[in-house]
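Colleague: So that we are looking at the same thing, I have put the structure below in structure tokens.
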Amino acid sequence: MTIIRYLGGPTALIEFGSVRLLTDPTFDAPGDYPIGQRKLVKTAGPALAAAEIGRVDAVLLSHDQHPDNLDHAGRAFAAQAPLVLSTASAQERLGGPVRALANWASYEVADGLSITGVPAQHGPDGSEPVVGEVTGFVLKGEGLPTVYVSGDNASLDVVRQVADRCGPVDIAVLFAGGAQTPLLGDAFLTLPSAGAAEAARILGARHVVPLHMEHWAHFTQGPDTLRPAFEKAGLADRLHLLKPGEQMEL
């Protein structure tokens, strides 16, 4: 059994068999987050406070360097978690329970339940020196659906790599807000709606749960563009648009 509860932004609680996993914890109230000469603006808080989450077995942290994926309260939550799987950069900066999970390496989080690190590209080709290191995850377990968590990925070539090595997947959890900031001009930092639909096709995903598509001002696309994009691609029956606080069993 897999249950996904969407909390807002990039944050979801995933019950995968016997383990409870939390993606990119963001629990702050709305506000501004300066980054050098720029700022990111959070427009809404999460459906649940950090204290309401309860026990988790691991945090799946796509990256730590941007506050829309790890805000102040999220950092405090991650620091108290028994395990955080993330990038080598995050392990170096955060320490504590953070364990680097290299691309295509796997970690057995419970008996027969594994988490594999997969590539993610947070912008166009060549952008990593600017935006930093990011990772995604694939969850597998006997008798359970295969789950892909994209993290902040904007590259369909990366999606093809994941599909070739780990696919087809049953559930694709896609960060799909079409994020843009002045840092990279008009380039997308995460998948836009049409890209999310194409990613679903490439992965052969039977179910798609979008995250990271609202609650931050730098997202250019969201629920109102995702549904038409999936309808145009003939994949509307695969799309599950959850409202903050809603959950579904797959």
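Numbering starts fresh at 1 for the residues of each chain in the structure tokens, the chains themselves are lettered A, B, ... in the order given, and ligands are numbered from 1 as they appear.
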Using only C-alpha atoms, determine which residues lie at most 10 Å from region 160-168 of chain A, disregarding the query and same-chain residues fewer than 4 positions distant; provide the list as a compact mmCIF listing (two decimals) with N, CA, C and O atoms, in the first residue's frame.
Modeller:
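Dumped everything to selection.txt:
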```
# COMPACT_ATOMS: atom_id res chain seq x y z
N TRP A 104 22.00 6.38 -8.76
CA TRP A 104 21.89 4.94 -9.01
C TRP A 104 22.33 4.08 -7.82
O TRP A 104 22.26 2.86 -7.90
N THR A 116 16.44 4.55 -4.22
CA THR A 116 17.55 4.74 -5.15
C THR A 116 17.66 6.22 -5.51
O THR A 116 16.66 6.85 -5.84
N GLY A 117 18.87 6.75 -5.43
CA GLY A 117 19.11 8.12 -5.88
C GLY A 117 19.16 8.16 -7.40
O GLY A 117 19.75 7.29 -8.05
N VAL A 118 18.50 9.17 -7.99
CA VAL A 118 18.49 9.32 -9.45
C VAL A 118 18.81 10.77 -9.80
O VAL A 118 18.65 11.68 -8.99
N PRO A 119 19.27 11.01 -11.03
CA PRO A 119 19.65 12.38 -11.41
C PRO A 119 18.48 13.35 -11.38
O PRO A 119 17.32 12.97 -11.54
N ALA A 120 18.81 14.61 -11.21
CA ALA A 120 17.87 15.72 -11.37
C ALA A 120 18.67 16.92 -11.86
O ALA A 120 19.83 17.09 -11.47
N GLY A 136 16.93 13.20 -7.24
CA GLY A 136 15.59 12.62 -7.19
C GLY A 136 15.67 11.24 -6.57
O GLY A 136 16.76 10.77 -6.19
N PHE A 137 14.55 10.54 -6.49
CA PHE A 137 14.50 9.26 -5.80
C PHE A 137 13.53 8.31 -6.50
O PHE A 137 12.53 8.74 -7.07
N VAL A 138 13.84 7.02 -6.43
CA VAL A 138 12.93 5.98 -6.86
C VAL A 138 12.76 5.01 -5.71
O VAL A 138 13.74 4.52 -5.13
N LEU A 139 11.50 4.73 -5.35
CA LEU A 139 11.16 3.84 -4.25
C LEU A 139 10.67 2.52 -4.81
O LEU A 139 9.81 2.49 -5.69
N LYS A 140 11.22 1.42 -4.27
CA LYS A 140 10.80 0.10 -4.72
C LYS A 140 10.66 -0.84 -3.52
O LYS A 140 11.40 -0.72 -2.54
N THR A 146 6.15 1.01 -7.89
CA THR A 146 7.39 1.78 -8.01
C THR A 146 7.05 3.26 -8.07
O THR A 146 6.20 3.68 -8.85
N VAL A 147 7.72 4.05 -7.22
CA VAL A 147 7.42 5.47 -7.09
C VAL A 147 8.65 6.29 -7.47
O VAL A 147 9.75 6.05 -6.94
N TYR A 148 8.48 7.25 -8.36
CA TYR A 148 9.54 8.19 -8.73
C TYR A 148 9.21 9.55 -8.15
O TYR A 148 8.12 10.09 -8.38
N SER A 150 10.63 13.27 -8.38
CA SER A 150 11.54 13.94 -9.31
C SER A 150 12.50 14.91 -8.65
O SER A 150 13.59 15.14 -9.16
N SER A 155 14.59 18.68 -16.77
CA SER A 155 15.12 18.04 -17.97
C SER A 155 14.37 16.76 -18.31
O SER A 155 14.34 15.82 -17.52
N LEU A 156 13.81 16.69 -19.50
CA LEU A 156 13.20 15.46 -19.97
C LEU A 156 14.25 14.41 -20.33
O LEU A 156 13.98 13.20 -20.27
N ALA A 172 4.37 8.64 -10.46
CA ALA A 172 5.35 9.71 -10.65
C ALA A 172 4.94 10.91 -9.82
O ALA A 172 3.87 11.49 -10.03
N ALA A 199 6.77 13.88 -19.32
CA ALA A 199 7.49 13.02 -18.37
C ALA A 199 6.65 11.81 -18.00
O ALA A 199 7.17 10.69 -17.89
N ALA A 200 5.36 12.01 -17.78
CA ALA A 200 4.48 10.90 -17.44
C ALA A 200 4.46 9.87 -18.57
O ALA A 200 4.48 8.65 -18.32
N ARG A 201 4.43 10.36 -19.80
CA ARG A 201 4.43 9.43 -20.95
C ARG A 201 5.74 8.66 -21.01
O ARG A 201 5.76 7.43 -21.20
N ILE A 202 6.86 9.36 -20.86
CA ILE A 202 8.17 8.71 -20.92
C ILE A 202 8.32 7.64 -19.84
O ILE A 202 8.84 6.55 -20.09
N LEU A 203 7.83 7.94 -18.65
CA LEU A 203 7.97 7.02 -17.52
C LEU A 203 6.98 5.86 -17.58
O LEU A 203 7.16 4.87 -16.86
N GLY A 204 5.96 5.99 -18.41
CA GLY A 204 4.90 5.00 -18.41
C GLY A 204 4.10 5.00 -17.13
O GLY A 204 3.52 3.98 -16.73
N ALA A 205 4.05 6.16 -16.46
CA ALA A 205 3.41 6.26 -15.14
C ALA A 205 1.91 6.07 -15.25
O ALA A 205 1.24 6.71 -16.06
N ARG A 206 1.37 5.22 -14.37
CA ARG A 206 -0.08 5.02 -14.33
C ARG A 206 -0.77 6.10 -13.51
O ARG A 206 -1.96 6.37 -13.68
```
Colleague: Taking only C-alpha atoms into account, which of A:Asp170, A:Leu189, A:Ala88, A:Gly151 comes nearest Asp125 (chain A)?
Modeller: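 Checking each of A:Asp170, A:Leu189, A:Ala88, A:Gly151 against Asp125 (chain A), counting only C-alpha atoms, the winner is A:Leu189.
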Colleague: Using only C-alpha atoms, tabulate the residues of region 135-215 of chain A lying at most 6 Å from any atom of region 234-249 of chain A, each with its closest atom pair and that distance in Å to one decimal, by chain and increasing residue number, as JSON lines.
Modeller:
```
{"residue": "A:Arg206", "atom": "CA", "partner": "A:Arg238", "partner_atom": "CA", "distance": 5.7}
{"residue": "A:His207", "atom": "CA", "partner": "A:Arg238", "partner_atom": "CA", "distance": 4.6}
{"residue": "A:Val208", "atom": "CA", "partner": "A:Leu239", "partner_atom": "CA", "distance": 4.9}
{"residue": "A:Val209", "atom": "CA", "partner": "A:His240", "partner_atom": "CA", "distance": 5.2}
```
Colleague: Give me the residues near Leu60 (chain A) as a PyMOL selection string, where near means some atom within 8 Å (using only C-alpha atoms) and where sequence neighbours in that chain fewer than 3 positions away do not count.
Modeller: chain A and resi 21-24+84-86+137
Colleague: With only C-alpha atoms as the counted atoms, please give the residues lying no more than 9 Å from Pro97 (chain A), apart from itself and same-chain residues fewer than 2 positions off, as a CSV table (one decimal) with N, CA, C and O atoms, in the first residue's frame.
Modeller:
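Okay, this is what ended up in out35.csv:
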```csv
chain,number,residue,atom,x,y,z
A,78,ALA,N,14.2,18.4,9.7
A,78,ALA,CA,15.2,17.5,9.2
A,78,ALA,C,16.3,17.1,10.2
A,78,ALA,O,16.8,16.0,10.2
A,79,ALA,N,16.7,18.1,10.9
A,79,ALA,CA,17.8,17.9,11.9
A,79,ALA,C,17.4,16.9,13.0
A,79,ALA,O,18.3,16.2,13.5
A,80,GLN,N,16.1,16.7,13.2
A,80,GLN,CA,15.6,15.8,14.2
A,80,GLN,C,15.2,14.4,13.7
A,80,GLN,O,14.8,13.5,14.4
A,81,ALA,N,15.2,14.3,12.3
A,81,ALA,CA,14.8,13.1,11.7
A,81,ALA,C,15.9,12.0,11.9
A,81,ALA,O,17.0,12.3,12.0
A,82,PRO,N,15.4,10.7,11.9
A,82,PRO,CA,16.4,9.7,12.0
A,82,PRO,C,17.4,9.5,10.8
A,82,PRO,O,18.5,9.0,11.0
A,83,LEU,N,16.9,9.9,9.7
A,83,LEU,CA,17.7,9.8,8.4
A,83,LEU,C,17.2,10.8,7.4
A,83,LEU,O,16.0,11.0,7.3
A,84,VAL,N,18.1,11.4,6.7
A,84,VAL,CA,17.8,12.3,5.6
A,84,VAL,C,18.7,11.9,4.4
A,84,VAL,O,19.9,11.8,4.5
A,85,LEU,N,18.0,11.5,3.4
A,85,LEU,CA,18.7,11.1,2.1
A,85,LEU,C,18.8,12.3,1.2
A,85,LEU,O,17.7,12.9,0.9
A,91,GLN,N,24.9,16.8,2.6
A,91,GLN,CA,25.5,16.2,3.7
A,91,GLN,C,26.7,17.0,4.2
A,91,GLN,O,26.8,17.1,5.5
A,94,LEU,N,24.9,20.3,6.0
A,94,LEU,CA,24.0,20.0,7.1
A,94,LEU,C,24.5,19.1,8.1
A,94,LEU,O,24.2,19.2,9.3
A,95,GLY,N,25.2,18.1,7.7
A,95,GLY,CA,25.7,17.1,8.6
A,95,GLY,C,24.6,16.3,9.3
A,95,GLY,O,23.5,16.1,8.7
A,99,ARG,N,22.6,11.7,4.9
A,99,ARG,CA,23.4,10.7,4.2
A,99,ARG,C,23.3,11.0,2.7
A,99,ARG,O,22.2,11.1,2.1
```
Colleague: Closest to Pro67 (chain A) among A:Ala229, A:Ala217, A:Ile35, A:Ala176, using only C-alpha atoms?
Modeller: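 Distance minimum relative to Pro67 (chain A) lands on A:Ile35.
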Colleague: Report as number ranges by chain: the residues of region 69-250 of chain A with a DSSP assignment of strand (DSSP E), based on the backbone of this structure.
Modeller: A: 84-86, 98-100, 106-110, 113-119, 135-141, 147-149, 171-175, 207-211, 247-249
Colleague: One decimal, in Å: what's the spacing between CA of Pro10 (chain A) and CA of His215 (chain A)?
Modeller: 9.3 Å
